[in-house]
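What follows is the content of run_21.txt (compact mmCIF, C-alpha atoms).
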```
# COMPACT_ATOMS: atom_id res chain seq x y z
CA MET A 1086 0.00 0.00 0.00
CA GLN A 1087 1.32 3.42 -0.93
CA HIS A 1088 2.20 5.93 1.77
CA ARG A 1089 -0.17 8.89 1.33
CA ILE A 1090 1.50 12.31 1.47
CA VAL A 1091 -0.83 15.31 1.25
CA VAL A 1092 0.56 18.81 0.78
CA LEU A 1093 -1.82 21.68 1.56
CA GLY A 1094 -1.04 24.88 -0.32
CA ALA A 1095 1.05 25.41 -3.45
CA GLY A 1096 2.89 28.62 -2.72
CA TYR A 1097 6.68 28.56 -2.81
CA ALA A 1098 7.03 26.33 0.26
CA GLY A 1099 4.26 23.84 -0.53
CA ALA A 1100 5.06 23.45 -4.21
CA ILE A 1101 8.78 23.02 -3.55
CA ALA A 1102 8.11 20.44 -0.84
CA ALA A 1103 5.86 18.41 -3.15
CA GLY A 1104 8.34 18.48 -6.01
CA ARG A 1105 11.29 17.58 -3.81
CA LEU A 1106 9.42 14.66 -2.25
CA ALA A 1107 8.63 13.36 -5.72
CA LYS A 1108 12.34 13.48 -6.54
CA ARG A 1109 13.38 11.67 -3.36
CA LEU A 1110 10.85 8.83 -3.21
CA HIS A 1111 9.91 6.10 -5.66
CA ARG A 1112 6.56 6.66 -7.27
CA GLU A 1113 5.29 3.15 -6.57
CA ASP A 1114 5.88 3.67 -2.84
CA VAL A 1115 4.09 6.98 -2.29
CA ALA A 1116 1.05 8.88 -3.47
CA ILE A 1117 1.73 12.64 -3.34
CA THR A 1118 -1.31 14.92 -3.55
CA LEU A 1119 -0.90 18.69 -3.77
CA VAL A 1120 -4.05 20.61 -2.81
CA ASN A 1121 -4.45 24.18 -4.02
CA ALA A 1122 -7.36 26.48 -4.81
CA GLU A 1123 -5.81 27.86 -8.02
CA PRO A 1124 -4.48 25.98 -11.06
CA ASP A 1125 -1.49 28.29 -11.54
CA PHE A 1126 1.55 29.05 -9.42
CA VAL A 1127 1.40 32.59 -8.04
CA GLU A 1128 4.70 34.45 -7.76
CA ARG A 1129 3.81 36.27 -4.59
CA VAL A 1130 7.03 38.27 -4.62
CA ARG A 1131 5.82 39.94 -7.83
CA MET A 1132 2.37 41.07 -6.74
CA HIS A 1133 3.44 44.73 -6.68
CA GLN A 1134 4.34 44.34 -10.36
CA LEU A 1135 0.97 42.81 -11.17
CA ALA A 1136 -0.77 45.68 -9.34
CA THR A 1137 0.91 48.27 -11.55
CA GLY A 1138 -0.26 46.69 -14.79
CA GLN A 1139 2.65 44.42 -15.66
CA GLU A 1140 1.86 41.03 -17.16
CA LEU A 1141 3.36 38.04 -15.41
CA ARG A 1142 4.28 34.78 -17.09
CA PRO A 1143 1.60 32.13 -16.45
CA ARG A 1144 2.90 29.04 -14.65
CA PRO A 1145 0.24 26.26 -14.76
CA PHE A 1146 0.78 23.51 -12.21
CA GLY A 1147 -0.28 20.99 -14.82
CA GLU A 1148 2.86 21.81 -16.77
CA MET A 1149 5.14 22.31 -13.78
CA PHE A 1150 4.39 18.88 -12.29
CA ALA A 1151 3.87 16.95 -15.51
CA GLY A 1152 5.51 13.53 -15.28
CA THR A 1153 6.53 13.91 -11.63
CA GLY A 1154 3.82 11.76 -10.08
CA VAL A 1155 2.46 14.69 -8.06
CA GLU A 1156 -1.34 14.76 -8.30
CA LEU A 1157 -2.86 18.24 -8.24
CA ARG A 1158 -6.19 18.55 -6.47
CA LEU A 1159 -7.95 21.85 -7.15
CA ALA A 1160 -9.90 22.56 -3.98
CA LYS A 1161 -10.17 24.83 -0.98
CA VAL A 1162 -9.13 23.43 2.39
CA THR A 1163 -11.88 23.99 4.94
CA ALA A 1164 -10.70 21.87 7.88
CA VAL A 1165 -7.92 19.64 9.17
CA ASP A 1166 -8.48 16.81 11.66
CA ALA A 1167 -4.98 16.08 12.93
CA ASP A 1168 -6.18 13.26 15.18
CA ARG A 1169 -8.11 11.38 12.49
CA ARG A 1170 -5.49 12.32 9.87
CA THR A 1171 -7.96 13.77 7.40
CA VAL A 1172 -8.48 17.10 5.66
CA THR A 1173 -11.82 18.43 4.44
CA LEU A 1174 -11.94 19.96 0.97
CA GLN A 1175 -14.46 21.98 -0.99
CA ASN A 1176 -14.31 22.43 -4.73
CA THR A 1177 -12.98 25.74 -5.97
CA HIS A 1178 -16.45 26.95 -6.97
CA GLY A 1179 -17.54 26.81 -3.34
CA THR A 1180 -20.46 24.50 -4.07
CA GLY A 1181 -21.28 21.03 -2.82
CA SER A 1182 -20.57 19.40 0.50
CA GLY A 1183 -17.03 18.91 1.74
CA THR A 1184 -15.10 15.77 0.88
CA GLU A 1185 -12.51 14.15 3.11
CA LEU A 1186 -8.98 13.28 2.05
CA ALA A 1187 -6.98 10.95 4.28
CA TYR A 1188 -3.22 11.15 4.75
CA ASP A 1189 -0.37 9.28 6.36
CA THR A 1190 1.90 12.34 6.28
CA LEU A 1191 0.65 15.91 5.99
CA VAL A 1192 2.65 18.94 4.85
CA TYR A 1193 0.78 22.07 5.95
CA ALA A 1194 1.73 25.04 3.77
CA LEU A 1195 -1.40 27.19 3.62
CA GLY A 1196 0.66 30.32 4.13
CA SER A 1197 -0.69 33.70 5.07
CA GLY A 1198 -2.79 36.63 3.94
CA TRP A 1199 -2.83 40.31 4.73
CA ARG A 1200 -3.39 41.59 8.26
CA ASP A 1201 -5.31 44.79 8.99
CA GLN A 1202 -4.18 44.71 12.66
CA GLY A 1203 -7.65 45.79 13.72
CA VAL A 1204 -7.16 49.34 12.43
CA PRO A 1205 -10.60 50.93 11.88
CA GLY A 1206 -11.46 51.24 8.21
CA ALA A 1207 -8.52 49.22 6.90
CA ALA A 1208 -10.59 46.19 5.87
CA GLU A 1209 -13.23 48.40 4.23
CA HIS A 1210 -11.08 50.96 2.44
CA ALA A 1211 -7.51 49.67 2.04
CA HIS A 1212 -6.13 47.52 -0.76
CA GLU A 1213 -3.74 44.60 -0.20
CA ILE A 1214 -1.26 42.77 -2.40
CA ALA A 1215 -0.74 39.59 -0.40
CA GLY A 1216 -2.25 37.55 -3.24
CA ARG A 1217 -3.36 37.74 -6.85
CA PRO A 1218 -7.02 38.73 -6.25
CA GLY A 1219 -5.98 41.71 -4.13
CA ALA A 1220 -3.28 42.77 -6.58
CA LEU A 1221 -5.75 42.65 -9.47
CA ARG A 1222 -8.26 44.79 -7.55
CA LEU A 1223 -5.56 47.35 -6.82
CA ARG A 1224 -4.50 47.24 -10.47
CA GLU A 1225 -7.99 48.16 -11.58
CA ARG A 1226 -8.24 50.94 -9.01
CA LEU A 1227 -4.87 52.47 -9.92
CA ALA A 1228 -5.74 52.39 -13.61
CA GLY A 1229 -8.79 54.55 -12.88
CA LEU A 1230 -6.89 57.28 -11.01
CA ALA A 1231 -6.44 60.67 -12.65
CA ALA A 1232 -3.11 62.49 -12.63
CA GLY A 1233 -2.21 64.12 -9.36
CA GLN A 1234 -4.33 61.90 -7.13
CA PRO A 1235 -2.70 60.70 -3.89
CA VAL A 1236 -1.73 57.10 -3.14
CA VAL A 1237 -0.56 56.13 0.34
CA VAL A 1238 1.31 52.90 1.06
CA VAL A 1239 1.04 51.98 4.74
CA GLY A 1240 3.95 49.94 6.08
CA GLY A 1241 7.69 50.51 5.81
CA GLY A 1242 8.81 46.88 5.45
CA LEU A 1243 10.02 45.13 2.32
CA THR A 1244 6.56 44.85 0.77
CA GLY A 1245 5.77 48.51 1.43
CA LEU A 1246 9.03 49.73 -0.09
CA GLU A 1247 8.55 47.61 -3.19
CA ALA A 1248 4.92 48.66 -3.62
CA ALA A 1249 5.61 52.38 -3.21
CA THR A 1250 8.54 52.47 -5.62
CA GLU A 1251 6.80 50.28 -8.21
CA ILE A 1252 3.69 52.48 -8.20
CA ALA A 1253 5.71 55.70 -8.34
CA GLU A 1254 7.81 54.43 -11.26
CA ALA A 1255 4.83 53.10 -13.21
CA ARG A 1256 2.66 56.16 -12.53
CA PRO A 1257 4.90 59.24 -12.13
CA ASP A 1258 1.79 61.37 -12.52
CA LEU A 1259 0.44 60.23 -9.14
CA ASP A 1260 1.30 61.68 -5.72
CA VAL A 1261 2.77 58.63 -3.95
CA ALA A 1262 3.55 58.59 -0.23
CA LEU A 1263 4.62 55.95 2.29
CA ALA A 1264 3.68 55.94 5.97
CA ALA A 1265 6.12 54.06 8.20
CA ARG A 1266 5.83 53.37 11.91
CA GLY A 1267 9.55 54.04 12.37
CA ALA A 1268 12.28 55.72 10.36
CA LEU A 1269 12.52 54.92 6.65
CA GLY A 1270 14.51 51.70 6.26
CA ASP A 1271 15.64 51.85 9.87
CA TRP A 1272 16.75 48.19 9.85
CA LEU A 1273 19.11 48.72 6.88
CA SER A 1274 22.79 49.59 6.92
CA PRO A 1275 23.78 53.27 6.52
CA LYS A 1276 24.58 52.63 2.86
CA GLY A 1277 21.23 50.93 2.35
CA ARG A 1278 19.32 53.78 4.00
CA ARG A 1279 21.12 56.40 1.93
CA HIS A 1280 20.33 54.59 -1.29
CA LEU A 1281 16.69 54.13 -0.30
CA ARG A 1282 16.26 57.85 0.38
CA LYS A 1283 17.99 58.65 -2.90
CA VAL A 1284 15.55 56.47 -4.84
CA PHE A 1285 12.55 57.89 -2.97
CA GLY A 1286 13.71 61.40 -3.83
CA ARG A 1287 14.23 60.58 -7.51
CA LEU A 1288 10.77 58.97 -7.76
CA GLY A 1289 9.10 61.80 -5.86
CA ILE A 1290 7.82 59.60 -3.01
CA THR A 1291 6.99 61.39 0.23
CA ALA A 1292 8.08 59.44 3.31
CA HIS A 1293 6.00 60.00 6.45
CA GLU A 1294 8.26 58.62 9.17
CA HIS A 1295 7.21 57.71 12.71
CA ALA A 1296 3.64 57.85 11.45
CA ALA A 1297 1.66 54.88 12.73
CA VAL A 1298 -1.68 54.78 10.91
CA THR A 1299 -4.62 54.44 13.31
CA ALA A 1300 -7.59 54.80 10.93
CA VAL A 1301 -8.36 54.52 7.23
CA GLU A 1302 -11.12 56.37 5.41
CA ALA A 1303 -12.08 56.43 1.75
CA ASP A 1304 -10.01 59.54 1.06
CA ARG A 1305 -7.40 59.70 3.87
CA VAL A 1306 -5.52 57.95 6.62
CA THR A 1307 -5.11 59.20 10.18
CA THR A 1308 -1.89 58.84 12.16
CA ALA A 1309 -1.37 58.29 15.88
CA GLU A 1310 -0.50 61.95 16.38
CA GLY A 1311 -3.83 63.01 14.90
CA GLY A 1312 -2.55 64.13 11.52
CA THR A 1313 -4.14 63.08 8.24
CA ILE A 1314 -2.62 62.08 4.90
CA PRO A 1315 -4.79 62.39 1.75
CA ALA A 1316 -5.32 59.05 0.01
CA ALA A 1317 -7.48 58.35 -3.00
CA VAL A 1318 -6.04 54.83 -2.69
CA THR A 1319 -4.54 53.25 0.44
CA VAL A 1320 -2.29 50.19 0.05
CA TRP A 1321 -1.93 48.16 3.26
CA THR A 1322 1.37 46.28 3.75
CA THR A 1323 1.86 46.13 7.52
CA GLY A 1324 2.36 42.39 7.85
CA PHE A 1325 0.79 38.99 7.33
CA ALA A 1326 -1.67 36.82 9.22
CA VAL A 1327 -1.51 33.04 8.90
CA HIS A 1328 -4.39 30.99 7.54
CA PRO A 1329 -6.79 30.34 10.47
CA ILE A 1330 -7.36 26.62 9.90
CA ALA A 1331 -4.42 25.40 12.00
CA GLY A 1332 -5.70 27.35 15.00
CA ALA A 1333 -8.93 25.36 14.92
CA THR A 1334 -7.12 22.00 15.16
CA THR A 1335 -5.50 20.09 18.02
CA LEU A 1336 -2.07 20.95 16.65
CA GLU A 1337 0.14 22.99 18.95
CA VAL A 1338 0.15 26.54 17.60
CA THR A 1339 1.36 29.94 18.73
CA ASP A 1340 -0.86 32.85 19.72
CA THR A 1341 -0.70 33.96 16.08
CA GLY A 1342 -1.81 30.55 14.78
CA GLN A 1343 1.54 29.30 13.48
CA ILE A 1344 2.24 25.59 13.91
CA VAL A 1345 5.13 24.95 16.31
CA VAL A 1346 7.74 22.72 14.66
CA ASP A 1347 11.13 21.23 15.46
CA GLY A 1348 14.29 21.55 13.41
CA THR A 1349 12.98 19.15 10.76
CA MET A 1350 9.74 21.18 10.38
CA ARG A 1351 7.79 18.41 12.16
CA SER A 1352 4.92 19.37 14.44
CA VAL A 1353 5.92 19.07 18.09
CA SER A 1354 2.46 17.70 18.92
CA HIS A 1355 1.62 15.51 15.90
CA PRO A 1356 4.58 13.62 14.39
CA ASP A 1357 2.77 12.87 11.12
CA VAL A 1358 2.31 16.61 10.39
CA TYR A 1359 4.96 18.95 8.99
CA ALA A 1360 4.52 22.69 8.51
CA VAL A 1361 6.53 24.98 6.23
CA GLY A 1362 6.54 28.60 5.14
CA ASP A 1363 4.53 31.31 6.86
CA ALA A 1364 2.30 28.68 8.51
CA ALA A 1365 5.12 27.42 10.75
CA LEU A 1366 7.06 28.80 13.68
CA ALA A 1367 10.59 27.57 13.14
CA MET A 1368 13.68 28.77 14.97
CA GLY A 1369 16.74 30.04 13.19
CA PRO A 1370 20.21 31.18 14.33
CA GLY A 1371 20.33 32.79 17.74
CA ASP A 1372 17.11 30.98 18.63
CA LYS A 1373 15.16 33.64 16.75
CA PRO A 1374 11.96 32.78 14.84
CA LEU A 1375 12.35 32.79 11.07
CA ARG A 1376 10.49 35.69 9.49
CA MET A 1377 7.61 35.18 7.09
CA SER A 1378 9.24 35.32 3.67
CA CYS A 1379 10.18 33.33 0.59
CA ALA A 1380 13.75 33.38 1.94
CA SER A 1381 12.53 31.34 4.91
CA GLY A 1382 9.92 29.20 3.18
CA THR A 1383 12.18 27.67 0.56
CA PRO A 1384 14.80 26.16 2.91
CA MET A 1385 12.02 25.12 5.29
CA ALA A 1386 10.45 23.16 2.42
CA TRP A 1387 13.77 21.49 1.61
CA GLN A 1388 14.24 20.56 5.26
CA ALA A 1389 10.75 19.10 5.61
CA ALA A 1390 10.91 17.10 2.37
CA ASP A 1391 14.31 15.68 3.20
CA ALA A 1392 13.21 14.78 6.75
CA ILE A 1393 10.06 13.04 5.52
CA ALA A 1394 12.05 11.09 2.95
CA ALA A 1395 14.68 10.13 5.53
CA ARG A 1396 12.11 8.90 8.04
CA LEU A 1397 10.26 6.87 5.43
CA THR A 1398 13.38 5.28 3.96
CA GLY A 1399 15.45 4.83 7.10
CA GLY A 1400 17.99 7.42 5.98
CA LYS A 1401 19.86 10.07 7.91
CA LEU A 1402 17.87 13.09 9.00
CA PRO A 1403 18.93 16.45 7.52
CA ASN A 1404 21.00 18.70 9.72
CA VAL A 1405 21.23 21.85 7.60
CA PRO A 1406 21.12 25.10 9.58
CA LEU A 1407 18.51 27.57 8.37
CA ARG A 1408 20.08 30.99 7.99
CA TYR A 1409 19.90 34.23 6.03
CA PHE A 1410 22.39 35.79 3.63
CA ASN A 1411 20.70 38.91 2.28
CA GLN A 1412 17.47 40.83 1.87
CA CYS A 1413 16.58 41.48 -1.76
CA ILE A 1414 14.46 44.59 -2.41
CA SER A 1415 13.25 45.78 -5.79
CA LEU A 1416 12.82 49.54 -6.04
CA GLY A 1417 11.00 49.66 -9.34
CA ARG A 1418 12.30 47.97 -12.49
CA LYS A 1419 15.52 49.97 -12.71
CA GLU A 1420 16.70 50.12 -9.10
CA GLY A 1421 17.28 47.63 -6.34
CA LEU A 1422 18.87 47.13 -2.95
CA ILE A 1423 20.57 43.96 -1.76
CA GLN A 1424 21.22 44.29 1.95
CA TYR A 1425 23.65 41.67 3.21
CA VAL A 1426 22.81 40.33 6.66
CA THR A 1427 24.10 38.08 9.42
CA ALA A 1428 22.84 34.52 9.79
CA ASP A 1429 20.08 35.79 12.09
CA ASP A 1430 19.00 38.53 9.62
CA ARG A 1431 20.72 41.64 11.04
CA ALA A 1432 22.09 44.12 8.51
CA VAL A 1433 25.85 44.41 8.02
CA ARG A 1434 27.68 47.31 6.36
CA ALA A 1435 27.81 45.73 2.91
CA ALA A 1436 25.00 46.43 0.43
CA LEU A 1437 24.59 46.23 -3.32
CA THR A 1438 22.64 49.04 -4.97
CA GLY A 1439 21.47 50.42 -8.29
CA ARG A 1440 20.90 48.63 -11.56
CA THR A 1441 23.12 45.71 -10.57
CA ALA A 1442 20.97 45.14 -7.49
CA ALA A 1443 17.81 45.26 -9.62
CA LEU A 1444 19.23 42.56 -11.91
CA TYR A 1445 20.27 40.51 -8.87
CA LYS A 1446 16.72 40.68 -7.44
CA GLU A 1447 15.25 39.70 -10.79
CA LEU A 1448 17.50 36.64 -10.93
CA VAL A 1449 16.43 35.70 -7.39
CA CYS A 1450 12.74 35.94 -8.36
CA LYS A 1451 13.24 33.89 -11.51
CA GLY A 1452 15.33 31.37 -9.62
CA ALA A 1453 12.66 30.93 -6.95
CA ALA A 1454 10.00 30.20 -9.57
CA TRP A 1455 12.35 27.91 -11.51
CA ALA A 1456 13.12 25.94 -8.34
CA VAL A 1457 9.45 25.07 -7.91
CA ALA A 1458 9.31 23.26 -11.24
CA HIS A 1459 12.89 21.93 -11.19
CA PRO A 1460 13.84 20.37 -7.84
CA LEU A 1461 17.49 19.40 -7.71
CA PRO A 1462 18.00 15.81 -8.88
CA VAL A 1463 18.68 13.42 -6.04
CA ARG A 1464 18.84 9.67 -5.61
CA ARG A 1465 15.39 8.18 -5.11
CA ARG A 1466 15.04 5.72 -2.25
CA HIS A 1467 12.41 3.12 -1.47
CA VAL A 1468 10.12 3.40 1.52
CA VAL A 1469 11.15 0.95 4.23
CA ARG A 1470 8.65 -1.90 4.36
CA ARG A 1471 9.14 -3.43 7.79
CA PRO A 1472 7.02 -4.07 10.87
CA GLN A 1473 6.15 -0.84 12.67
CA GLU A 1474 8.48 -1.49 15.61
CA THR A 1475 11.42 -1.90 13.22
CA VAL A 1476 10.56 1.31 11.38
CA THR A 1477 10.38 3.14 14.70
CA ALA A 1478 13.78 1.80 15.66
CA VAL A 1479 15.27 2.91 12.33
CA GLU A 1480 13.80 6.40 12.79
CA ALA A 1481 15.14 6.65 16.33
CA THR A 1482 18.59 5.67 15.11
CA GLY A 1483 18.46 8.29 12.38
CA GLU A 1484 17.40 10.98 14.84
CA ALA A 1485 20.16 10.02 17.26
CA THR A 1486 22.71 10.21 14.46
CA ALA A 1487 21.43 13.64 13.40
CA GLU A 1488 21.61 14.92 16.98
CA ALA A 1489 25.14 13.61 17.37
CA THR A 1490 26.27 15.56 14.30
CA ALA A 1491 24.43 18.77 15.23
```
Mind converting the file's structure to structure tokens?
Amino acid sequence: MQHRIVVLGAGYAGAIAAGRLAKRLHREDVAITLVNAEPDFVERVRMHQLATGQELRPRPFGEMFAGTGVELRLAKVTAVDADRRTVTLQNTHGTGSGTELAYDTLVYALGSGWRDQGVPGAAEHAHEIAGRPGALRLRERLAGLAAGQPVVVVGGGLTGLEAATEIAEARPDLDVALAARGALGDWLSPKGRRHLRKVFGRLGITAHEHAAVTAVEADRVTTAEGGTIPAAVTVWTTGFAVHPIAGATTLEVTDTGQIVVDGTMRSVSHPDVYAVGDAALAMGPGDKPLRMSCASGTPMAWQAADAIAARLTGGKLPNVPLRYFNQCISLGRKEGLIQYVTADDRAVRAALTGRTAALYKELVCKGAAWAVAHPLPVRRRHVVRRPQETVTAVEATGEATAEATA
């Protein structure tokens, strides 16, 4: 009987995990099902480009996983029963009763969406670019703006910087501003901050620093100090909230709903569940939680896939430290900023800027999408077919070996 592996969510982390598992395990031994609500891979790191009218290359999953043995199931996940080892699905049209899909191993990668942080009016009046539907709505709204109308991007993180500069470059006739809770690019190196301010000045973007937004209306935002900033369009980029399904299960989760995992991305409460990407709380260097990002999700997916394969085949568990190297920021199509960082994501003095940085970021984006469809070739291994007590002993030996080499 085949071992049933179900992967929920086909963002970067989920899709990479499914493809890597297919490369590591023999097809006759496992049945890998990838569940996703959309038939195409969404390059989330490019949603600011989509919002400004750029056309993105379509990436159908049917083509990406052709011949791999990964079965794509187009459906929306409505529930997970971690004790019964089942997930409940509803077809993408939202009609019909839910159907159950059983698993032996689950990879939870449902990711995250935008977070309004409870700010009055944000949900009603602000636009978000956490996914394709939101980016397309913003695209339509921006296209209808007349010259001179104000656009305010709320949030001074990576997404906010990319959105503000992309909009300002694509629509130089608009009055673009960014509202940041702290100083502009305050986590960057001095060189990075100088370059960021230079680009903002060249694009005509107004930076409202130390301006926490406390309310959003149809034509303005209000800051904590009581000031207002005109906004025909407000773009909300203040952070992400994880999909709520995990919080409704018996899985151990954090206060924010992230699944708590060990170093192999395995749930600390349910050993047949793995979580990757934004949905998981994994610890990195310095015992600091990995931030929600593609830079975290991709190595988390590798770690989970390799750990699952090792446990099923009696191999050695992976012991690859998860760390950061740089933060890649696009500042429009012609400018970029590559901020080099320590292993635990703190900025160092070195930074790459300008056109070279823009090309670097573009290569990173293309490489991330390419990696989804082209997992690195590895030696496939057969699932161990032994009595359960023997399999458990093999797994324990593998874990002990991994700990000894840590």
Note to self: Just checking: using all atoms listed in the file, which residue out of A:Lys1401, A:Val1165, A:Val1115, A:Gly1241 ends up closest to Ala1331 of chain A?
What the structure shows: A:Val1165
Item checked: Residues near Leu1230 of chain A, cut-off 9 Å, all atoms listed in the file, skip fewer than 3 positions along chain, as a ChimeraX atom specification -> /A:1226-1227,1233-1235,1259,1317-1318
Notebook entry, point to check: Got a sec to check which residues sit within 7 Å of (0.7, 41.4, -9.1), counting only C-alpha atoms, and write them as a PyMOL selection string?
Noted result: chain A and resi 1131-1136+1217+1220-1221
Margin query: Between A:Ala1164, A:Ala1207, A:Ala1309, A:Met1149, which residue has the minimum interatomic distance to Ile1101 of chain A, considering only C-alpha atoms?
Written below: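 Closest candidate: A:Met1149.
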Margin query: So the first atom is atom CA of Tyr1425 of chain A and the second is atom CA of Lys1451 of chain A; what is the distance between them in Å, to one decimal place?
Written below: 19.6 Å
Notebook entry, point to check: Which is closest to Ala1102 of chain A among A:Leu1191, A:Glu1254, A:Arg1142, A:Ile1214, if we use only C-alpha atoms?
Noted result: A:Leu1191
Notebook entry, point to check: Of the candidates A:Thr1308, A:Ser1352, A:Asn1404, A:Thr1190, which shows the shortest atom-to-atom distance to Thr1339 of chain A, using only C-alpha atoms?
Noted result: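 Under the stated criterion, the closest residue is A:Ser1352.
Distances to Arg1105 of chain A were evaluated for A:Lys1161, A:His1459, A:Arg1129, A:His1467 using only C-alpha atoms, and the minimum falls at A:His1459.
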Checklist line | Nearest to Arg1170 of chain A, chosen from A:Arg1144, A:Arg1465, A:Arg1351, A:Arg1089, with all atoms listed in the file counted in the distances | finding: A:Arg1089
Note to self: Using Å and a single decimal, report how far atom CA of Glu1247 of chain A sits from atom CA of Gln1424 of chain A.
What the structure shows: 14.1 Å
Would you kindly return, as a PDB file with C-alpha atoms, in the coordinates of the input, each protein, DNA or RNA residue with an atom no farther than 7 Å from any atom of Leu1157 of chain A, considering only C-alpha atoms and excluding same-chain residues fewer than 4 positions away?
```pdb
ATOM      1  CA  THR A1118      -1.310  14.920  -3.550  1.00  0.00           C
ATOM      2  CA  LEU A1119      -0.900  18.690  -3.770  1.00  0.00           C
ATOM      3  CA  VAL A1120      -4.050  20.610  -2.810  1.00  0.00           C
TER       4      VAL A1120
END
```
Margin query: So that I can see what lies close to Asp1430 of chain A, please list as a list in words the residues with an atom at most 8 Å from it, counting all atoms listed in the file and leaving out residues fewer than 3 positions away in the same chain.
Written below: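 The filter keeps Arg1408, Tyr1409, Phe1410, Asn1411, Val1426 and Thr1427 of chain A.
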List the neighbours of Val1320 of chain A out to 12 Å using only C-alpha atoms; skip same-chain residues closer than 5 positions along the sequence, and give me the result as a tab-separated table (two decimals) with C-alpha atoms, in the frame of the given file.
```tsv
chain	number	residue	atom	x	y	z
A	1133	HIS	CA	3.44	44.73	-6.68
A	1136	ALA	CA	-0.77	45.68	-9.34
A	1199	TRP	CA	-2.83	40.31	4.73
A	1200	ARG	CA	-3.39	41.59	8.26
A	1201	ASP	CA	-5.31	44.79	8.99
A	1207	ALA	CA	-8.52	49.22	6.90
A	1208	ALA	CA	-10.59	46.19	5.87
A	1209	GLU	CA	-13.23	48.40	4.23
A	1210	HIS	CA	-11.08	50.96	2.44
A	1211	ALA	CA	-7.51	49.67	2.04
A	1212	HIS	CA	-6.13	47.52	-0.76
A	1213	GLU	CA	-3.74	44.60	-0.20
A	1214	ILE	CA	-1.26	42.77	-2.40
A	1215	ALA	CA	-0.74	39.59	-0.40
A	1219	GLY	CA	-5.98	41.71	-4.13
A	1220	ALA	CA	-3.28	42.77	-6.58
A	1222	ARG	CA	-8.26	44.79	-7.55
A	1223	LEU	CA	-5.56	47.35	-6.82
A	1224	ARG	CA	-4.50	47.24	-10.47
A	1226	ARG	CA	-8.24	50.94	-9.01
A	1227	LEU	CA	-4.87	52.47	-9.92
A	1235	PRO	CA	-2.70	60.70	-3.89
A	1236	VAL	CA	-1.73	57.10	-3.14
A	1237	VAL	CA	-0.56	56.13	0.34
A	1238	VAL	CA	1.31	52.90	1.06
A	1239	VAL	CA	1.04	51.98	4.74
A	1240	GLY	CA	3.95	49.94	6.08
A	1241	GLY	CA	7.69	50.51	5.81
A	1244	THR	CA	6.56	44.85	0.77
A	1245	GLY	CA	5.77	48.51	1.43
A	1246	LEU	CA	9.03	49.73	-0.09
A	1247	GLU	CA	8.55	47.61	-3.19
A	1248	ALA	CA	4.92	48.66	-3.62
A	1249	ALA	CA	5.61	52.38	-3.21
A	1252	ILE	CA	3.69	52.48	-8.20
A	1261	VAL	CA	2.77	58.63	-3.95
A	1262	ALA	CA	3.55	58.59	-0.23
A	1263	LEU	CA	4.62	55.95	2.29
A	1264	ALA	CA	3.68	55.94	5.97
A	1298	VAL	CA	-1.68	54.78	10.91
A	1301	VAL	CA	-8.36	54.52	7.23
A	1303	ALA	CA	-12.08	56.43	1.75
A	1305	ARG	CA	-7.40	59.70	3.87
A	1306	VAL	CA	-5.52	57.95	6.62
```
